[in-house]
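Engineer: Sharing work01.cif here; it has mmCIF, C-alpha atoms.
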data_target
loop_
_atom_site.group_PDB
_atom_site.id
_atom_site.type_symbol
_atom_site.label_atom_id
_atom_site.label_comp_id
_atom_site.auth_asym_id
_atom_site.auth_seq_id
_atom_site.Cartn_x
_atom_site.Cartn_y
_atom_site.Cartn_z
ATOM 1 C CA MET L 540 -32.191 56.308 -38.552
ATOM 2 C CA SER L 541 -35.495 54.544 -38.056
ATOM 3 C CA ALA L 542 -33.787 51.156 -38.095
ATOM 4 C CA VAL L 543 -31.273 52.305 -35.504
ATOM 5 C CA THR L 544 -34.031 53.871 -33.427
ATOM 6 C CA GLY L 545 -36.094 50.700 -33.607
ATOM 7 C CA THR L 546 -33.139 48.640 -32.454
ATOM 8 C CA ARG L 547 -32.563 50.963 -29.517
ATOM 9 C CA ARG L 548 -36.251 50.892 -28.585
ATOM 10 C CA GLY L 549 -36.194 47.052 -28.536
ATOM 11 C CA ALA L 550 -33.103 46.956 -26.301
ATOM 12 C CA PRO L 551 -33.155 47.477 -22.490
ATOM 13 C CA GLN L 552 -33.343 51.163 -21.664
ATOM 14 C CA THR L 553 -30.693 51.306 -18.947
ATOM 15 C CA THR L 554 -27.873 49.195 -17.517
ATOM 16 C CA ARG L 555 -29.838 48.848 -14.279
ATOM 17 C CA GLU L 556 -32.786 47.340 -16.139
ATOM 18 C CA ALA L 557 -30.458 44.925 -17.931
ATOM 19 C CA ARG L 558 -29.034 43.766 -14.618
ATOM 20 C CA ARG L 559 -32.512 43.319 -13.220
ATOM 21 C CA ALA L 560 -33.532 41.280 -16.248
ATOM 22 C CA GLY L 561 -30.447 39.057 -16.003
ATOM 23 C CA SER L 562 -30.566 38.555 -12.246
ATOM 24 C CA SER L 563 -34.258 37.858 -11.881
ATOM 25 C CA ARG L 564 -34.815 34.890 -9.572
ATOM 26 C CA PRO L 565 -37.978 33.194 -8.371
ATOM 27 C CA PRO L 566 -39.562 34.526 -5.186
ATOM 28 C CA GLY L 567 -38.006 33.178 -2.027
ATOM 29 C CA ALA L 568 -34.642 32.345 -3.653
ATOM 30 C CA ARG L 569 -32.743 34.808 -1.480
ATOM 31 C CA ARG L 570 -34.456 33.462 1.626
ATOM 32 C CA GLU L 571 -33.499 29.898 0.679
ATOM 33 C CA GLU L 572 -29.927 31.006 0.021
ATOM 34 C CA ARG L 573 -29.667 32.666 3.416
ATOM 35 C CA ALA L 574 -31.167 29.571 5.051
ATOM 36 C CA GLY L 575 -28.596 27.385 3.269
ATOM 37 C CA TRP L 576 -25.686 29.492 4.490
ATOM 38 C CA LEU L 577 -27.161 29.485 7.984
ATOM 39 C CA LEU L 578 -27.385 25.700 7.997
ATOM 40 C CA THR L 579 -23.785 25.296 6.769
ATOM 41 C CA LEU L 580 -22.418 27.860 9.225
ATOM 42 C CA PRO L 581 -21.800 25.327 12.062
ATOM 43 C CA PHE L 582 -19.781 23.107 9.718
ATOM 44 C CA LEU L 583 -17.834 26.064 8.349
ATOM 45 C CA LEU L 584 -16.991 27.222 11.866
ATOM 46 C CA LEU L 585 -15.906 23.750 12.980
ATOM 47 C CA PHE L 586 -13.903 23.211 9.781
ATOM 48 C CA GLY L 587 -12.177 26.567 10.142
ATOM 49 C CA VAL L 588 -11.342 26.174 13.825
ATOM 50 C CA PHE L 589 -10.365 22.490 13.934
ATOM 51 C CA THR L 590 -9.060 21.828 10.389
ATOM 52 C CA ALA L 591 -8.142 24.905 8.357
ATOM 53 C CA TRP L 592 -6.503 26.875 11.167
ATOM 54 C CA PRO L 593 -4.404 23.929 12.494
ATOM 55 C CA VAL L 594 -3.172 23.239 8.948
ATOM 56 C CA ILE L 595 -2.186 26.871 8.452
ATOM 57 C CA GLN L 596 -0.559 26.920 11.871
ATOM 58 C CA SER L 597 1.409 23.727 11.161
ATOM 59 C CA VAL L 598 2.755 25.264 7.949
ATOM 60 C CA PHE L 599 3.943 28.220 10.007
ATOM 61 C CA PHE L 600 5.496 25.877 12.589
ATOM 62 C CA SER L 601 7.408 23.907 9.948
ATOM 63 C CA VAL L 602 9.470 26.952 8.933
ATOM 64 C CA THR L 603 10.256 28.052 12.492
ATOM 65 C CA ASP L 604 12.227 26.654 15.421
ATOM 66 C CA ILE L 605 9.227 26.602 17.766
ATOM 67 C CA THR L 606 9.351 24.196 20.717
ATOM 68 C CA ASN L 607 7.233 23.660 23.791
ATOM 69 C CA ARG L 608 9.154 26.489 25.495
ATOM 70 C CA ASP L 609 7.746 28.978 22.983
ATOM 71 C CA LEU L 610 4.046 28.288 23.478
ATOM 72 C CA ARG L 611 3.494 31.458 25.456
ATOM 73 C CA THR L 612 5.105 33.576 22.728
ATOM 74 C CA PRO L 613 4.466 31.655 19.478
ATOM 75 C CA PHE L 614 4.953 34.723 17.260
ATOM 76 C CA GLN L 615 8.395 35.525 18.665
ATOM 77 C CA VAL L 616 10.080 32.371 17.380
ATOM 78 C CA ASN L 617 12.837 32.455 14.777
ATOM 79 C CA PHE L 618 12.059 31.979 11.096
ATOM 80 C CA VAL L 619 14.416 29.247 9.820
ATOM 81 C CA ALA L 620 12.927 28.675 6.331
ATOM 82 C CA PHE L 621 13.667 25.091 5.246
ATOM 83 C CA GLU L 622 16.220 24.229 7.931
ATOM 84 C CA GLN L 623 13.798 21.834 9.622
ATOM 85 C CA TYR L 624 13.340 19.943 6.353
ATOM 86 C CA ALA L 625 17.095 19.791 5.800
ATOM 87 C CA LYS L 626 17.501 18.552 9.367
ATOM 88 C CA ALA L 627 15.149 15.667 8.593
ATOM 89 C CA PHE L 628 17.306 14.424 5.709
ATOM 90 C CA ALA L 629 20.392 14.594 7.953
ATOM 91 C CA ASP L 630 18.683 12.798 10.847
ATOM 92 C CA PRO L 631 19.831 9.132 10.902
ATOM 93 C CA VAL L 632 16.826 8.026 12.966
ATOM 94 C CA PHE L 633 14.377 9.572 10.514
ATOM 95 C CA ARG L 634 16.232 7.992 7.597
ATOM 96 C CA GLN L 635 15.921 4.639 9.340
ATOM 97 C CA ALA L 636 12.224 5.306 9.972
ATOM 98 C CA ALA L 637 11.746 6.187 6.291
ATOM 99 C CA LEU L 638 13.449 2.952 5.200
ATOM 100 C CA ASN L 639 11.317 0.952 7.635
ATOM 101 C CA THR L 640 8.185 2.593 6.255
ATOM 102 C CA ALA L 641 9.243 1.871 2.661
ATOM 103 C CA TYR L 642 9.896 -1.766 3.602
ATOM 104 C CA PHE L 643 6.504 -1.996 5.278
ATOM 105 C CA VAL L 644 4.711 -0.514 2.237
ATOM 106 C CA LEU L 645 6.579 -2.384 -0.505
ATOM 107 C CA VAL L 646 5.971 -5.745 1.162
ATOM 108 C CA GLY L 647 2.711 -5.116 3.000
ATOM 109 C CA VAL L 648 0.629 -3.558 0.225
ATOM 110 C CA PRO L 649 1.132 -6.323 -2.413
ATOM 111 C CA LEU L 650 0.751 -9.016 0.260
ATOM 112 C CA THR L 651 -2.467 -7.513 1.607
ATOM 113 C CA MET L 652 -3.944 -7.052 -1.860
ATOM 114 C CA THR L 653 -2.998 -10.588 -2.959
ATOM 115 C CA ILE L 654 -4.574 -12.237 0.081
ATOM 116 C CA ALA L 655 -7.632 -9.982 -0.171
ATOM 117 C CA LEU L 656 -8.137 -10.805 -3.856
ATOM 118 C CA ALA L 657 -7.696 -14.531 -3.220
ATOM 119 C CA ALA L 658 -10.262 -14.411 -0.404
ATOM 120 C CA ALA L 659 -12.662 -12.418 -2.587
ATOM 121 C CA ILE L 660 -12.364 -14.941 -5.433
ATOM 122 C CA ALA L 661 -12.977 -17.791 -2.997
ATOM 123 C CA LEU L 662 -16.067 -16.094 -1.616
ATOM 124 C CA ASN L 663 -17.312 -15.235 -5.095
ATOM 125 C CA THR L 664 -16.916 -18.656 -6.724
ATOM 126 C CA GLY L 665 -15.231 -21.275 -4.556
ATOM 127 C CA ILE L 666 -17.228 -21.102 -1.316
ATOM 128 C CA THR L 667 -20.890 -21.918 -1.668
ATOM 129 C CA ARG L 668 -21.971 -22.781 1.885
ATOM 130 C CA PHE L 669 -21.794 -20.469 4.913
ATOM 131 C CA ARG L 670 -20.556 -17.646 2.713
ATOM 132 C CA ALA L 671 -21.867 -14.969 5.101
ATOM 133 C CA VAL L 672 -20.017 -16.600 7.996
ATOM 134 C CA TYR L 673 -16.736 -16.497 6.069
ATOM 135 C CA ARG L 674 -17.290 -12.858 5.155
ATOM 136 C CA LEU L 675 -17.875 -11.979 8.785
ATOM 137 C CA GLY L 676 -14.824 -13.945 9.886
ATOM 138 C CA PHE L 677 -12.548 -12.328 7.312
ATOM 139 C CA TYR L 678 -13.798 -8.832 8.138
ATOM 140 C CA THR L 679 -13.785 -9.166 11.940
ATOM 141 C CA PRO L 680 -10.077 -8.194 12.350
ATOM 142 C CA VAL L 681 -10.785 -4.841 10.687
ATOM 143 C CA ILE L 682 -13.165 -3.777 13.450
ATOM 144 C CA THR L 683 -11.158 -5.367 16.260
ATOM 145 C CA SER L 684 -9.317 -3.069 18.659
ATOM 146 C CA ILE L 685 -5.581 -2.805 18.053
ATOM 147 C CA VAL L 686 -5.006 -3.478 21.764
ATOM 148 C CA ALA L 687 -6.867 -6.791 21.523
ATOM 149 C CA VAL L 688 -4.973 -7.641 18.336
ATOM 150 C CA ALA L 689 -1.659 -6.813 20.016
ATOM 151 C CA VAL L 690 -2.434 -9.070 22.981
ATOM 152 C CA VAL L 691 -3.304 -11.992 20.692
ATOM 153 C CA TRP L 692 -0.281 -11.566 18.453
ATOM 154 C CA ARG L 693 2.106 -11.124 21.369
ATOM 155 C CA PHE L 694 0.848 -14.440 22.715
ATOM 156 C CA LEU L 695 1.217 -16.099 19.317
ATOM 157 C CA LEU L 696 4.749 -14.739 18.770
ATOM 158 C CA HIS L 697 6.106 -15.234 22.292
ATOM 159 C CA PRO L 698 9.563 -16.827 21.928
ATOM 160 C CA ASP L 699 9.081 -19.447 24.671
ATOM 161 C CA SER L 700 5.375 -20.224 24.998
ATOM 162 C CA GLY L 701 3.926 -18.740 21.804
ATOM 163 C CA LEU L 702 1.753 -20.871 19.546
ATOM 164 C CA VAL L 703 3.886 -20.172 16.451
ATOM 165 C CA ASN L 704 7.145 -21.397 18.006
ATOM 166 C CA THR L 705 5.330 -24.315 19.635
ATOM 167 C CA VAL L 706 4.082 -25.505 16.243
ATOM 168 C CA LEU L 707 7.539 -25.008 14.723
ATOM 169 C CA ALA L 708 9.062 -27.059 17.545
ATOM 170 C CA TRP L 709 6.777 -29.961 16.608
ATOM 171 C CA VAL L 710 8.612 -30.212 13.284
ATOM 172 C CA GLY L 711 12.064 -29.676 14.774
ATOM 173 C CA ILE L 712 12.445 -25.946 14.046
ATOM 174 C CA ASP L 713 13.716 -23.611 16.753
ATOM 175 C CA GLY L 714 11.616 -20.489 16.283
ATOM 176 C CA PRO L 715 13.210 -17.039 16.712
ATOM 177 C CA ASN L 716 12.314 -14.226 19.084
ATOM 178 C CA TRP L 717 9.914 -12.715 16.578
ATOM 179 C CA LEU L 718 9.391 -9.276 18.136
ATOM 180 C CA GLY L 719 12.849 -9.061 19.710
ATOM 181 C CA SER L 720 14.853 -9.707 16.553
ATOM 182 C CA THR L 721 15.953 -6.973 14.160
ATOM 183 C CA THR L 722 15.453 -9.475 11.333
ATOM 184 C CA TRP L 723 11.998 -10.798 12.203
ATOM 185 C CA ALA L 724 10.302 -7.889 14.001
ATOM 186 C CA MET L 725 9.240 -6.032 10.854
ATOM 187 C CA PRO L 726 7.984 -9.165 9.024
ATOM 188 C CA SER L 727 5.964 -9.954 12.154
ATOM 189 C CA LEU L 728 4.348 -6.509 12.057
ATOM 190 C CA ILE L 729 3.656 -6.883 8.335
ATOM 191 C CA ALA L 730 1.958 -10.228 8.974
ATOM 192 C CA MET L 731 -0.195 -8.714 11.713
ATOM 193 C CA ALA L 732 -1.092 -5.673 9.595
ATOM 194 C CA THR L 733 -1.995 -7.880 6.629
ATOM 195 C CA TRP L 734 -4.232 -10.081 8.784
ATOM 196 C CA ARG L 735 -5.864 -7.036 10.326
ATOM 197 C CA ASN L 736 -6.474 -5.034 7.130
ATOM 198 C CA PHE L 737 -7.108 -7.441 4.265
ATOM 199 C CA GLY L 738 -10.813 -7.675 5.138
ATOM 200 C CA THR L 739 -11.536 -4.170 3.852
ATOM 201 C CA ALA L 740 -9.793 -4.809 0.532
ATOM 202 C CA MET L 741 -11.557 -8.182 0.288
ATOM 203 C CA ILE L 742 -15.010 -6.576 0.528
ATOM 204 C CA ILE L 743 -14.108 -4.064 -2.198
ATOM 205 C CA PHE L 744 -12.648 -6.764 -4.452
ATOM 206 C CA LEU L 745 -15.732 -8.908 -3.908
ATOM 207 C CA ALA L 746 -17.957 -6.070 -5.079
ATOM 208 C CA GLY L 747 -15.749 -5.636 -8.147
ATOM 209 C CA LEU L 748 -15.808 -9.343 -8.962
ATOM 210 C CA GLN L 749 -19.587 -9.442 -8.779
ATOM 211 C CA ALA L 750 -19.675 -6.653 -11.363
ATOM 212 C CA VAL L 751 -17.717 -8.687 -13.950
ATOM 213 C CA PRO L 752 -20.186 -9.841 -16.661
ATOM 214 C CA GLN L 753 -20.522 -13.621 -16.666
ATOM 215 C CA GLN L 754 -20.972 -13.550 -20.446
ATOM 216 C CA LEU L 755 -17.322 -12.537 -20.849
ATOM 217 C CA HIS L 756 -16.145 -15.627 -18.958
ATOM 218 C CA GLU L 757 -18.467 -17.846 -20.952
ATOM 219 C CA ALA L 758 -17.231 -16.408 -24.248
ATOM 220 C CA ALA L 759 -13.591 -16.833 -23.189
ATOM 221 C CA ALA L 760 -14.271 -20.434 -22.111
ATOM 222 C CA ILE L 761 -15.862 -21.186 -25.480
ATOM 223 C CA ASP L 762 -12.737 -19.818 -27.165
ATOM 224 C CA GLY L 763 -10.650 -22.311 -25.175
ATOM 225 C CA ALA L 764 -9.269 -20.069 -22.416
ATOM 226 C CA ASN L 765 -8.422 -21.834 -19.167
ATOM 227 C CA ALA L 766 -9.130 -20.456 -15.677
ATOM 228 C CA TRP L 767 -5.855 -18.529 -15.421
ATOM 229 C CA GLN L 768 -6.247 -17.005 -18.889
ATOM 230 C CA ARG L 769 -9.812 -15.939 -18.080
ATOM 231 C CA PHE L 770 -8.633 -14.366 -14.846
ATOM 232 C CA ARG L 771 -5.740 -12.507 -16.503
ATOM 233 C CA ASN L 772 -7.527 -11.401 -19.669
ATOM 234 C CA VAL L 773 -11.112 -10.948 -18.448
ATOM 235 C CA THR L 774 -11.236 -10.418 -14.692
ATOM 236 C CA VAL L 775 -8.159 -8.250 -14.182
ATOM 237 C CA PRO L 776 -8.977 -5.672 -16.908
ATOM 238 C CA VAL L 777 -12.494 -5.233 -15.549
ATOM 239 C CA LEU L 778 -11.122 -5.011 -11.999
ATOM 240 C CA ARG L 779 -8.556 -2.367 -12.918
ATOM 241 C CA PRO L 780 -10.439 0.580 -11.322
ATOM 242 C CA THR L 781 -11.031 -1.525 -8.205
ATOM 243 C CA ILE L 782 -7.359 -2.499 -8.043
ATOM 244 C CA LEU L 783 -6.403 1.170 -8.340
ATOM 245 C CA PHE L 784 -8.750 2.171 -5.519
ATOM 246 C CA VAL L 785 -7.585 -0.608 -3.198
ATOM 247 C CA SER L 786 -3.936 0.068 -4.000
ATOM 248 C CA VAL L 787 -4.228 3.795 -3.294
ATOM 249 C CA THR L 788 -6.179 3.462 -0.058
ATOM 250 C CA THR L 789 -3.993 0.636 1.265
ATOM 251 C CA ALA L 790 -0.760 2.435 0.415
ATOM 252 C CA ILE L 791 -1.950 5.656 2.065
ATOM 253 C CA GLY L 792 -2.797 3.740 5.218
ATOM 254 C CA TYR L 793 0.479 1.817 5.276
ATOM 255 C CA LEU L 794 2.579 4.916 4.631
ATOM 256 C CA GLN L 795 1.129 6.285 7.870
ATOM 257 C CA PHE L 796 1.436 3.048 9.849
ATOM 258 C CA PHE L 797 1.774 3.858 13.507
ATOM 259 C CA GLU L 798 -0.340 1.618 15.718
ATOM 260 C CA GLU L 799 1.514 -1.627 14.974
ATOM 261 C CA PRO L 800 5.012 -0.559 16.126
ATOM 262 C CA PHE L 801 3.654 1.735 18.842
ATOM 263 C CA VAL L 802 1.685 -1.046 20.525
ATOM 264 C CA MET L 803 3.787 -4.102 19.697
ATOM 265 C CA THR L 804 7.462 -3.069 19.725
ATOM 266 C CA GLN L 805 7.649 0.633 20.649
ATOM 267 C CA GLY L 806 9.864 1.010 17.574
ATOM 268 C CA GLY L 807 12.444 -1.546 18.659
ATOM 269 C CA PRO L 808 14.582 -3.466 18.682
ATOM 270 C CA LEU L 809 17.251 -0.879 17.775
ATOM 271 C CA ASN L 810 14.748 1.237 15.807
ATOM 272 C CA SER L 811 14.184 -1.612 13.370
ATOM 273 C CA THR L 812 10.402 -1.116 13.443
ATOM 274 C CA ILE L 813 10.092 2.622 14.057
ATOM 275 C CA SER L 814 7.994 4.273 11.368
ATOM 276 C CA ALA L 815 8.015 7.812 9.992
ATOM 277 C CA SER L 816 4.679 8.573 11.637
ATOM 278 C CA MET L 817 5.830 7.160 14.961
ATOM 279 C CA TYR L 818 9.038 9.211 14.864
ATOM 280 C CA THR L 819 6.992 12.324 14.054
ATOM 281 C CA TYR L 820 4.774 11.567 17.044
ATOM 282 C CA GLN L 821 7.847 11.184 19.257
ATOM 283 C CA GLN L 822 9.244 14.533 18.165
ATOM 284 C CA PHE L 823 5.907 16.184 18.906
ATOM 285 C CA SER L 824 5.870 14.520 22.331
ATOM 286 C CA PHE L 825 9.390 15.825 22.981
ATOM 287 C CA GLY L 826 8.125 19.356 22.293
ATOM 288 C CA ASN L 827 9.926 19.832 18.957
ATOM 289 C CA TYR L 828 6.838 21.232 17.261
ATOM 290 C CA GLY L 829 8.586 22.843 14.307
ATOM 291 C CA TYR L 830 10.550 19.708 13.487
ATOM 292 C CA ALA L 831 7.472 17.494 13.906
ATOM 293 C CA ALA L 832 5.473 19.728 11.553
ATOM 294 C CA ALA L 833 8.209 19.519 8.918
ATOM 295 C CA LEU L 834 8.306 15.721 9.219
ATOM 296 C CA SER L 835 4.535 15.520 8.819
ATOM 297 C CA TYR L 836 4.662 17.534 5.600
ATOM 298 C CA LEU L 837 7.430 15.311 4.245
ATOM 299 C CA ILE L 838 5.175 12.302 4.875
ATOM 300 C CA PHE L 839 2.330 14.133 3.130
ATOM 301 C CA LEU L 840 4.580 14.850 0.137
ATOM 302 C CA VAL L 841 5.601 11.192 -0.126
ATOM 303 C CA ILE L 842 1.946 10.104 0.046
ATOM 304 C CA ALA L 843 1.055 12.552 -2.736
ATOM 305 C CA ILE L 844 3.916 11.299 -4.944
ATOM 306 C CA VAL L 845 3.096 7.626 -4.380
ATOM 307 C CA THR L 846 -0.596 8.249 -5.093
ATOM 308 C CA ALA L 847 0.236 10.127 -8.300
ATOM 309 C CA LEU L 848 2.467 7.253 -9.454
ATOM 310 C CA GLN L 849 -0.286 4.736 -8.764
ATOM 311 C CA PHE L 850 -2.747 6.743 -10.820
ATOM 312 C CA ARG L 851 -0.124 7.036 -13.546
ATOM 313 C CA PHE L 852 0.564 3.302 -13.864
ATOM 314 C CA LEU L 853 -2.665 1.644 -12.686
ATOM 315 C CA SER L 854 -5.379 3.849 -14.148
ATOM 316 C CA GLU L 855 -7.140 2.821 -17.337
ATOM 317 C CA LYS L 856 -5.370 3.892 -20.495
ATOM 318 C CA GLU L 857 -7.372 5.878 -23.012
ATOM 319 C CA ASP L 858 -7.298 4.557 -26.558
#
For the structure just supplied, provide its representation as structure tokens.
Structural biologist:
Amino acid sequence: MSAVTGTRRGAPQTTREARRAGSSRPPGARREERAGWLLTLPFLLLFGVFTAWPVIQSVFFSVTDITNRDLRTPFQVNFVAFEQYAKAFADPVFRQAALNTAYFVLVGVPLTMTIALAAAIALNTGITRFRAVYRLGFYTPVITSIVAVAVVWRFLLHPDSGLVNTVLAWVGIDGPNWLGSTTWAMPSLIAMATWRNFGTAMIIFLAGLQAVPQQLHEAAAIDGANAWQRFRNVTVPVLRPTILFVSVTTAIGYLQFFEEPFVMTQGGPLNSTISASMYTYQQFSFGNYGYAAALSYLIFLVIAIVTALQFRFLSEKED
């Protein structure tokens, strides 16, 4: 009995006292907590009004037949479940836009990454003088307005007086109508997008290359490895996280490509350059809000799948 009594005397007397003992905080903690919530309140309000609520509303739109005629009575529209998504797969224009987007991504992403990596290697080892000038020149297209870029590239690719066809004529080649041809319009947009975007990937690759230990290259050279073997067996494995990051960010951007066809070709000729994002924008402009919301979520799903595959195949393998 005495042992039991002693144990009870040493324990907290009541549940309330136990809670007080466990929840004791330094003086002023509650005041700091309230101040923290007060400071984050503006962000929470802005996030809820301009991000969370539009996302929730777009999910609601995607399973209804809402159009611009239903804006006054948005809660009286018809619930159509997944009919808008099924409509997208049956829409020949959207299928063409999806194929154009896949073409743009499958060609544009490897091309952009290859040129960016080559430029980064040149800046890291090959170019010794005026390195800062080259960095600025390579990165300038990234911060250049798409309107200015479109004006320059339209001049370059003009079928009659463009610089590209003029140079080709010097060697006896009759250049095509680059932006007016169903064959050459998309490659022209890919070339412009690569020129405009490789600067960002180059800066990231350059940072990754500067993090590669020089001792590894020296050890590989002593073992008899040539430049290509050192690049493949030393540089690329160390750059693997950087390659993953650049691949994911570039692919996400290219899957949503919109500015290039919108400014340069308006999706033509014959929808050969219309993208999924541009077609979604057109449907929203036409007032088909439910259909546009469904298309946007299909694009989001594709981006999520592509990103997951990149992480699956490009991320570092655990031993």
Engineer: So, counting all atoms listed in the file, which residue among L:Ser720, L:Thr846, L:Thr653, L:Thr733 is closest to Ala790 in chain L?
Structural biologist: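 Of L:Ser720, L:Thr846, L:Thr653, L:Thr733, the one nearest Ala790 in chain L, counting all atoms listed in the file, is L:Thr846.
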Engineer: Could you tell me how far CA of Ile838 in chain L sits from CA of Phe589 in chain L, in Å to one decimal place?
Structural biologist: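 Between these atoms lies a distance of 20.7 Å.
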Engineer: How far is it from CA of Leu755 in chain L to CA of Ala659 in chain L, in Å with one decimal?
Structural biologist: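 For CA of Leu755 in chain L relative to CA of Ala659 in chain L, the distance reads 18.8 Å.
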Engineer: Counting all atoms listed in the file, which of L:Trp734, L:Val686, L:Gly567, L:Ala833 gets nearest to Gln596 in chain L?
Structural biologist: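 When distances to Gln596 in chain L are compared using all atoms listed in the file, the smallest one comes from L:Ala833.
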Engineer: Kindly indicate which residue among L:Val688, L:Val681, L:Met817, L:Val648 lies nearest to Tyr793 in chain L, using all atoms listed in the file for the distances.
Structural biologist: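 Smallest separation from Tyr793 in chain L among the options: L:Val648.
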Engineer: Point out the residue among L:Gly747, L:Gly719, L:Gly711, L:Pro780 with the least atom-to-atom distance to Thr804 in chain L, counting all atoms listed in the file.
Structural biologist: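 Going through L:Gly747, L:Gly719, L:Gly711, L:Pro780 one by one, the smallest distance to Thr804 in chain L is for L:Gly719.
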Engineer: Starting from the PyMOL selection byres ((chain L and resi 799) around 10), expand the selection into actual residues of this file and give them as an MDAnalysis selection string.
Structural biologist: chainID L and resid 685:686 688:689 725 727:729 731:732 796:798 800:806 812:814 817
Engineer: Just the number, please: distance in Å from CA of Ser816 in chain L to CA of Arg735 in chain L, one decimal.
Structural biologist: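 A separation of 18.9 Å between them.
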Engineer: Here's the selection I'm unsure about, the PyMOL selection byres ((chain L and resi 624) around 12); applied to the file above, which residues does it give, as a list in words?
Structural biologist: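 Selection result, ordered by chain and number: Val598, Phe600, Ser601, Val602, Thr603, Asp604, Val619, Ala620, Phe621, Glu622, Gln623, Ala625, Lys626, Ala627, Phe628, Ala629, Asp630, Phe633, Gly829, Tyr830, Ala831, Ala832, Ala833, Leu834, Ser835, Tyr836, Leu837, Ile838 and Leu840 of chain L.
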Engineer: Could you tell me which of L:Thr781, L:Gln795, L:Thr590, L:Thr612 comes closest to Tyr818 in chain L if we count all atoms listed in the file?
Structural biologist: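 Closest to Tyr818 in chain L of all the choices is L:Gln795.
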Engineer: Which residue gives the smallest distance to Ala641 in chain L among L:Ile842, L:Val672, L:Phe823, L:Ala758, with all atoms listed in the file counted?
Structural biologist: L:Ile842
Engineer: Env of Thr606 in chain L: 6 Å cut, atoms = all atoms listed in the file, seq-sep filter 2 positions within chain, self excluded. Answer as an MDAnalysis selection string.
Structural biologist: chainID L and resid 608:609 826:828
Engineer: Would you pick out the contacts of Ala815 in chain L at 7 Å or less, using only C-alpha atoms, so that residues sharing its chain but fewer than 6 positions from it are not included, and give the list as a list in words?
Structural biologist: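 The contact residues come out as Phe633, Ala636, Ala637 and Thr640 of chain L.
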Engineer: If we count all atoms listed in the file and set the cut-off at 12 Å, which residues sit around Thr788 in chain L, ignoring sequence neighbours fewer than 5 positions away in its own chain? Please answer as an MDAnalysis selection string.
Structural biologist: chainID L and resid 644 648 651:652 736:737 739:740 743 781:783 793:795 842:843 845:846 849:850
Engineer: For the residues in that selection, give me C-alpha atoms as a PDB file, in the frame of the given file.
Structural biologist:
ATOM      1  CA  VAL L 644       4.711  -0.514   2.237  1.00  0.00           C
ATOM      2  CA  VAL L 648       0.629  -3.558   0.225  1.00  0.00           C
ATOM      3  CA  THR L 651      -2.467  -7.513   1.607  1.00  0.00           C
ATOM      4  CA  MET L 652      -3.944  -7.052  -1.860  1.00  0.00           C
ATOM      5  CA  ASN L 736      -6.474  -5.034   7.130  1.00  0.00           C
ATOM      6  CA  PHE L 737      -7.108  -7.441   4.265  1.00  0.00           C
ATOM      7  CA  THR L 739     -11.536  -4.170   3.852  1.00  0.00           C
ATOM      8  CA  ALA L 740      -9.793  -4.809   0.532  1.00  0.00           C
ATOM      9  CA  ILE L 743     -14.108  -4.064  -2.198  1.00  0.00           C
ATOM     10  CA  THR L 781     -11.031  -1.525  -8.205  1.00  0.00           C
ATOM     11  CA  ILE L 782      -7.359  -2.499  -8.043  1.00  0.00           C
ATOM     12  CA  LEU L 783      -6.403   1.170  -8.340  1.00  0.00           C
ATOM     13  CA  TYR L 793       0.479   1.817   5.276  1.00  0.00           C
ATOM     14  CA  LEU L 794       2.579   4.916   4.631  1.00  0.00           C
ATOM     15  CA  GLN L 795       1.129   6.285   7.870  1.00  0.00           C
ATOM     16  CA  ILE L 842       1.946  10.104   0.046  1.00  0.00           C
ATOM     17  CA  ALA L 843       1.055  12.552  -2.736  1.00  0.00           C
ATOM     18  CA  VAL L 845       3.096   7.626  -4.380  1.00  0.00           C
ATOM     19  CA  THR L 846      -0.596   8.249  -5.093  1.00  0.00           C
ATOM     20  CA  GLN L 849      -0.286   4.736  -8.764  1.00  0.00           C
ATOM     21  CA  PHE L 850      -2.747   6.743 -10.820  1.00  0.00           C
TER      22      PHE L 850
END
Engineer: Env of Leu702 in chain L: 12 Å cut, atoms = all atoms listed in the file, seq-sep filter 6 positions within chain, self excluded. Answer as a short mmCIF file (atom, residue, chain, number, x, y, z; two decimals) with C-alpha atoms, in the coordinates of the input.
Structural biologist:
data_model
loop_
_atom_site.label_atom_id
_atom_site.label_comp_id
_atom_site.auth_asym_id
_atom_site.auth_seq_id
_atom_site.Cartn_x
_atom_site.Cartn_y
_atom_site.Cartn_z
CA VAL L 691 -3.30 -11.99 20.69
CA TRP L 692 -0.28 -11.57 18.45
CA ARG L 693 2.11 -11.12 21.37
CA PHE L 694 0.85 -14.44 22.72
CA LEU L 695 1.22 -16.10 19.32
CA LEU L 696 4.75 -14.74 18.77
CA ALA L 708 9.06 -27.06 17.55
CA TRP L 709 6.78 -29.96 16.61
CA GLY L 714 11.62 -20.49 16.28
CA TRP L 717 9.91 -12.72 16.58
#
